[in-house]
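Down below is the structure, laid out as structure tokens.
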Protein chains: 2
Amino acid sequence: MSLTILKGTIVSAPALGQLDITEGGYLAAEDGRILGVYPVLPEQYAAAPVEDWGDALILPAFADCHLHAPQYPMLGTGMDLQLLEWLQAYTFPTEARFADTDYARSVYRKLAAELIENGTTRVCMFSSLHTDATWVLMEELERAGVTGYVGKVNMDRNGAPGVLEETTEGSMAETLRWLEGCGDFAHIRPILTPRFTPSCTDELMAFLGRLAAERDLPVQSHLSENQSEMAWVRQLHPDCEQYWETYAKYGLWTDRTLMAHCVWSDRRERTAMRRSGVTMVHCADSNQNVCSGVAPVRRALDEGIKVVLGSDIAGGDRLSMFDVTASAIRASKARHLMDHWDTPFLTVPEAWYLATSAATAFFGEPAGFAPGASLHAIVLEDGQLPQPHPLTAQERLERCVYRRQPDAVREVWSAGRRVLSRGRSRA
Amino acid sequence: MSLTILKGTIVSAPALGQLDITEGGYLAAEDGRILGVYPVLPEQYAAAPVEDWGDALILPAFADCHLHAPQYPMLGTGMDLQLLEWLQAYTFPTEARFADTDYARSVYRKLAAELIENGTTRVCMFSSLHTDATWVLMEELERAGVTGYVGKVNMDRNGAPGVLEETTEGSMAETLRWLEGCGDFAHIRPILTPRFTPSCTDELMAFLGRLAAERDLPVQSHLSENQSEMAWVRQLHPDCEQYWETYAKYGLWTDRTLMAHCVWSDRRERTAMRRSGVTMVHCADSNQNVCSGVAPVRRALDEGIKVVLGSDIAGGDRLSMFDVTASAIRASKARHLMDHWDTPFLTVPEAWYLATSAATAFFGEPAGFAPGASLHAIVLEDGQLPQPHPLTAQERLERCVYRRQPDAVREVWSAGRRVLSRGRSRA
């Protein structure tokens, strides 16, 4: 039996808009599973060593539910282009480089390290179409302590000819070969990843749908990001009234499906999401950078749809989920303005819930620091900044969301393991 | 004669949307004034020592034309509130602490250091109403190497009674006392700073207008940020059709006036800005955080209005002008969406021009690295990041705007002085 006891200002979001705050509290875990959060240490743990972080914040680690690993090298470039141009000019050539596993190794090692440094311990991630590089990605995430899902991308049409493309047969064969090699990872699992409807033939979509059912695999893709893309999907699938139906007709629309963006998902499409239990991944930076629009997040939440957040690098330009949380708030304020101040914006506790607890269900875990949950946590020291008055725990959380504090993250725990350890700051 | 020669990839924006790029170029300055940018070092400087930065970027330093120094301690808090609530709950109590000059010294020293670390060497800054703390601010900026304008705030009505307020007589007397103590600063000059129309009686406004004329002083204030504020101004000045007229009628609306926000400045108000040569300070983060709206920056530029950028901390939550540049682009993309994709968004070169060269005229200087300009420059090493292909200088600039690179700023030059020196990175 291995006991971990962290002492500090413990904050988590068990539900939308709700914060659990325990100042000077104890977060106890046994063999990597949370026992509970206690204002006073229970007697049975009295003999256990306590890692006392003073008044440092102890927060659930983040889940980034949509990002493209092979786009990491192009982060912050090409942002003056629109989606479809940007794919051709930047994205496809960049992803093509991942045919080289040495290049993949060097990039993915940096990416995995940067995720952990920023307290992101769970991901749902797109790789490129390359099987070998996808394994490299899974290895590097596993080594760094990132957990979650990674998908080899499927794209057998409308790629970049001669640069980034695969045949239908090749895509199917490589997907099977890739899945065979995914058995060895303790914390990283495969997720089926048709790039988006325009990238996949009907035959490939049908194959992936069958595979999802037969092997009980989750699915991730893109939905209703941009109006030109939606028009293109309508051309490709004249039998489908809406974009989501192009996934649904092949069995790719279930309660284990993540759909990124949903910027233009109207009430009918959102109803289909709710009924099937599909999760919407909101990627605020990306939607703004490539001028897609502002997703109807508040409406989706009000309607009972599952909503989580994604950095969507490199459409998004920020990997830190603190930044992504702030971006979701800003996007909701843009929505608030566009709706003539009618739609309430996301508050800090709400957006932070979306970045942390809202996602845990997809990973089969309870929200926040609930007993039984796997320990995913950040220890954060924010004492270096001037303050106008002694800040409350909620104000400190808000300041962490908005204000970058270099080296403030002192420890990161992922699936019960300490994966970053910087010790207490000296200042 | 003191010669400075910096070698690297020299990029500047001499005009809106235009980039001057000299790879492997030489930026030469004599006694702090720029001689020129040369692809080959002119013979007459052959004997001078060259500081060779390899392919590091050498960029003009930033100008932050609207920020509230005493709000620095509250950066990133209270963002779920709207403007007028936020002033009462956070801003006024925070500013009130600057009655204590020791507190002011400790906060302002950190602020000045953070400005320089982020390459901001020119500011137009609000202090609080406190004369002594304003001198402390000017001292700390001067010591750190920040140049520009600082204003003691005037606010003789609608403050926070018992917390932050001054009488009309007190405000006038303190303004005169403050100006007397501003003679000793080499690089920091006073600017008259009525907080905003609701904060100043007619008598005080008239006094400030006379002072501006008599002593040839510039003026900074706020304009048309928020619709409730505008309604309030209409109540207070029923004789004025528009907000700007409340400044104009007291001589506070000239070509040496900076007006922050202008979110709701319509064509008539913008025409008044253009005719009088008033400069609009766009503060994108702040406008979004407190849900004011999205300023019509593109229209203002098309109409020939002078537009510059401000971080507006702590309404804005980001001090780095790289971030502020990215925020201006994002805001313009929100505008683009709200205008049904009609209004072109700001490109990276355009927004970066607003953050650098556009502001130099207010400081009496030519744009970019023009001969005769005072040397304000950043040396930035961005070689630590993976890249998909050898990036062009313009792509590197774009990546700097979007992507935070800790410690990438290696040197900062301000008014000809080296004010930050980290040496070349070891990696």
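Within each chain, counting starts at residue 1; across the structure tokens, chains are named A, B, ... in the order shown, with ligands numbered 1 upward in that order.
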
May I have the residues of chain A within 8 Å of chain B, counting only C-alpha atoms, written as a ChimeraX atom specification?
/A:72-78,80,94,97,107,288-289,291,293,317-318,330,333-334,336-338,347-348,385-389,395-396,398-403,406

Looking only at the backbone, which of the residues in stretch 119-203 of chain B does DSSP tag as alpha helix (DSSP H), as JSON, numbers by chain?
{"B": [131, 132, 133, 134, 135, 136, 137, 138, 139, 140, 141, 142, 143, 144, 168, 169, 170, 171, 172, 173, 174, 175, 176, 177, 178, 179, 180, 202, 203]}

Could you tell me how far atom CA of A:Ile116 lies from atom CA of B:Ala113, in Å and to one decimal?
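For atom CA of A:Ile116 relative to atom CA of B:Ala113, the distance reads 28.5 Å.
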